[in-house]
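K.L.:
First the structure, which I've put down as structure tokens, then a few questions once you've had a look.
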Amino acid sequence: MSHVPIYLDSQASTPVDPRVLARMLPYFSEQCGNPSGPEHYHGEGAHTAVEQARQTIAAALGCRSEKEIIFTSGATEANNLTLLGAFANRPISGRHLLASAIEHSSVLAPLAHLESCGAKVTLLPVNGCGRIDPEQLRAALRPETTLVSVMFANNEIGTLQPIEEIGRICRAAGILFHCDAAQAVGHEPLNVEQLQIDLLSFSAHKFYGPKGVGGLYVREGAASTCLQPTQFGGGQERGLRPGTLNVPAIVGMATALQLALEEAEQTNRLLRQTAKELFDRLQQAFPRLRLNGDPQHKLARNLSITIPGVEASALMMLLKDELSFSAGSACSSVEHKPSHVLKAIGLSDEECFQTIRLGLSPGLAADKIARLLQRGIAAAPTFID
């Protein structure tokens with residue numbers, strides 16, 4: 001291949017910002033100490049770098065203290081630590097948990113495990129745009145409800161949930177509120193104190209940081225008291241996540257988050273313009289296209305499009321030398337079954353397989369991408385005009 005295809009999968013992962021990489025590089029070599037190791041020059045240097053990163057991330061998320069940030073390998077681990085750690089060494093039978101029907105698999109799978117152990121789980125439906133009704137959530141609460149888990153932004157259709165209302169309802173009821181914010185941190189305005197979130201998960205590789213690192217915000221008080229470790233070892237991260245910390249990645253994550261937030265307003269404005277231009281051009285050529293998600297409450301970089309008559313996987317193959325995009329969530333693409341998210345907003349099985357997800361990033365040329373997609377759609381043998 002003489003050229004690299006245009007990357008349109010930023011909701012699956014983003015490239016590391018060169019400024020982030022430059023900040024990380026010394027911690028792979030000359031600044032090689034273990035932050036939990038001996039109190040010598042290199043160990044102290046690594047420890048200082050980690051704690052400075054913790055302070056930066058805590059400030060960016062609106063935490064009361066940097067002690068509320070626990071470093072993990074990413075949002076999947078953070079989600080598991082939240083859901084399983086809330087019940088570690090505690091009776092599970094009879095406990096009730098609430099989540100939306102369109103949560104990421106790293107929330108749904110632990111919930112299914114807890115259900116198999118005797119917990120009661122309610123998955124709240126969403127409307128045709130992918131939003132839950134806060135009043136329906138309020139009505140679903142029970143005396144035995146222990147935790148509510150609702151994602152900030154959906155990874156397939158980009159819909160933003162009414163997090164502030166949900167946080168208010170949960171705090172008033174004295175119920176822990178966990179939010180998987182992997183798609184939102186670094187992109188959307190977010191303050192855990194104002195939103196009354198007790199636990200929040202995030203991943204660096206969603207906001208131009210390195211893969212394999214993320215974190216969990218654990219609010220001091222009820223949240224920190226209820227959470228128990230699910231792994232055991234050296235006692236790092238307040239005993240909740242043992243293991244040697246990935247210093248270069250943690251430094252990179254803090255740098256990436258700081259840069260992303262400084263540039264978020266301008267970036268989102270440009271991405272909304274790109275998304276609108278791209279969809280308008282496609283819809284002019286193929287009027288039957290459907291845009292999924294909530295048009296008013298949505299990630300700027302997301303375009304989920306259903307193309308009647310065109311199988312998404314076939315379109316991806318036709319354009320693989322020109323464009324890199326997803327037929328759905330990157331985390332579930334190994335399973336050839338209809339997306340639970342698209343099913344939840346009312347799409348048929350057939351429509352699910354005719355849906356593509358475009359994850360936009362700054363600097364893309366909407367006209368060029370539209371021309372390539374139009375060519376691919378027109379060339380697809382099953383297209384119905």
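In the structure tokens, each chain is lettered A, B, ... as it comes, each chain's residues begin at 1, and ligands are numbered from 1 in order of appearance.
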Stretch 162-216 of chain A: which residues are alpha helix (DSSP H) by DSSP, as a list in words?
P.N.:
Ile163, Glu164, Glu165, Ile166, Gly167, Arg168, Ile169, Cys170, Arg171, Ala172 and Ala173 of chain A
K.L.:
A:Phe177: which residues within 7 Å, counting only C-alpha atoms, same-chain residues fewer than 3 positions away excluded, as JSON, numbers by chain?
P.N.:
{"A": [147, 148, 149, 167, 170, 197, 198, 199]}
K.L.:
Taking N, CA, C and O atoms for each residue, export the selection above as a PDB file, in the first residue's frame.
P.N.:
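Wrote part.pdb, looks like this:
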ATOM      1  N   LEU A 147     -26.185   0.489  43.931  1.00  0.00           N
ATOM      2  CA  LEU A 147     -25.331   1.242  43.001  1.00  0.00           C
ATOM      3  C   LEU A 147     -26.051   1.453  41.677  1.00  0.00           C
ATOM      4  O   LEU A 147     -26.773   0.565  41.209  1.00  0.00           O
ATOM      5  N   VAL A 148     -25.834   2.616  41.090  1.00  0.00           N
ATOM      6  CA  VAL A 148     -26.322   2.944  39.748  1.00  0.00           C
ATOM      7  C   VAL A 148     -25.104   3.195  38.865  1.00  0.00           C
ATOM      8  O   VAL A 148     -24.178   3.903  39.269  1.00  0.00           O
ATOM      9  N   SER A 149     -25.096   2.604  37.668  1.00  0.00           N
ATOM     10  CA  SER A 149     -23.988   2.805  36.732  1.00  0.00           C
ATOM     11  C   SER A 149     -24.545   3.243  35.380  1.00  0.00           C
ATOM     12  O   SER A 149     -25.251   2.482  34.718  1.00  0.00           O
ATOM     13  N   GLY A 167     -27.053  12.119  38.867  1.00  0.00           N
ATOM     14  CA  GLY A 167     -26.249  12.313  40.066  1.00  0.00           C
ATOM     15  C   GLY A 167     -27.057  12.890  41.214  1.00  0.00           C
ATOM     16  O   GLY A 167     -26.922  12.467  42.369  1.00  0.00           O
ATOM     17  N   CYS A 170     -29.397  10.127  42.632  1.00  0.00           N
ATOM     18  CA  CYS A 170     -28.668   9.121  43.416  1.00  0.00           C
ATOM     19  C   CYS A 170     -28.176   9.682  44.743  1.00  0.00           C
ATOM     20  O   CYS A 170     -28.286   9.019  45.787  1.00  0.00           O
ATOM     21  N   ILE A 197     -21.040  12.734  41.138  1.00  0.00           N
ATOM     22  CA  ILE A 197     -20.598  11.390  40.766  1.00  0.00           C
ATOM     23  C   ILE A 197     -19.724  10.843  41.892  1.00  0.00           C
ATOM     24  O   ILE A 197     -18.873  11.545  42.424  1.00  0.00           O
ATOM     25  N   ASP A 198     -19.931   9.585  42.248  1.00  0.00           N
ATOM     26  CA  ASP A 198     -19.146   8.957  43.313  1.00  0.00           C
ATOM     27  C   ASP A 198     -17.949   8.180  42.783  1.00  0.00           C
ATOM     28  O   ASP A 198     -16.907   8.116  43.436  1.00  0.00           O
ATOM     29  N   LEU A 199     -18.107   7.570  41.613  1.00  0.00           N
ATOM     30  CA  LEU A 199     -17.038   6.778  41.003  1.00  0.00           C
ATOM     31  C   LEU A 199     -17.067   7.032  39.503  1.00  0.00           C
ATOM     32  O   LEU A 199     -18.136   7.028  38.887  1.00  0.00           O
TER      33      LEU A 199
END
K.L.:
Report, in Å to a single decimal, how far apart atom CA of A:Ala139 and atom CA of A:Ala119 are.
P.N.:
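Atom-to-atom, atom CA of A:Ala119 to atom CA of A:Ala139, that is 18.9 Å.
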K.L.:
Can I get the residues of stretch 154-190 of chain A within 6 Å of stretch 297-314 of chain A, each with the closest pair of atoms and their distance in Å to one decimal, using only C-alpha atoms, sorted chain first then ascending number, as CSV?
P.N.:
residue,atom,partner,partner_atom,distance
A:Ile157,CA,A:Ser304,CA,5.4
A:Gly158,CA,A:Leu299,CA,5.0
A:Thr159,CA,A:Lys298,CA,4.5
A:Leu160,CA,A:His297,CA,5.2
K.L.:
Could the residues in this selection be written to a file with N, CA, C and O atoms, as an mmCIF file, in the first residue's frame?
P.N.:
data_model
loop_
_atom_site.group_PDB
_atom_site.id
_atom_site.type_symbol
_atom_site.label_atom_id
_atom_site.label_comp_id
_atom_site.auth_asym_id
_atom_site.auth_seq_id
_atom_site.Cartn_x
_atom_site.Cartn_y
_atom_site.Cartn_z
ATOM 1 N N ILE A 157 -22.979 5.402 19.482
ATOM 2 C CA ILE A 157 -23.809 6.436 18.865
ATOM 3 C C ILE A 157 -23.513 7.832 19.410
ATOM 4 O O ILE A 157 -24.092 8.810 18.947
ATOM 5 N N GLY A 158 -22.627 7.936 20.395
ATOM 6 C CA GLY A 158 -22.179 9.236 20.872
ATOM 7 C C GLY A 158 -23.128 9.984 21.787
ATOM 8 O O GLY A 158 -22.816 11.089 22.228
ATOM 9 N N THR A 159 -24.279 9.407 22.110
ATOM 10 C CA THR A 159 -25.277 10.106 22.913
ATOM 11 C C THR A 159 -24.771 10.397 24.320
ATOM 12 O O THR A 159 -24.196 9.531 24.977
ATOM 13 N N LEU A 160 -25.014 11.628 24.775
ATOM 14 C CA LEU A 160 -24.673 12.046 26.131
ATOM 15 C C LEU A 160 -25.874 11.837 27.037
ATOM 16 O O LEU A 160 -27.005 12.191 26.670
#
K.L.:
Counting only C-alpha atoms, which residues of stretch 117-188 of chain A sit at most 8 Å from some atom of stretch 69-91 of chain A, and what is each one's closest atom pair with its distance in Å to one decimal, listed by chain and rising residue number, as CSV?
P.N.:
residue,atom,partner,partner_atom,distance
A:His178,CA,A:Thr82,CA,7.7
A:Asp180,CA,A:Asn79,CA,7.0
A:Ala182,CA,A:Ala75,CA,6.2
K.L.:
Pick from A:Gly233, A:Pro242, A:Pro35, A:Gly118: nearest to A:Val50, with only C-alpha atoms counted?
P.N.:
A:Pro35
K.L.:
Determine the nearest neighbour of A:Ile166 from the options A:Asn154, A:Gln354, A:Gln55, A:Ser100, counting only C-alpha atoms.
P.N.:
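The answer is A:Ser100, which sits nearest to A:Ile166.
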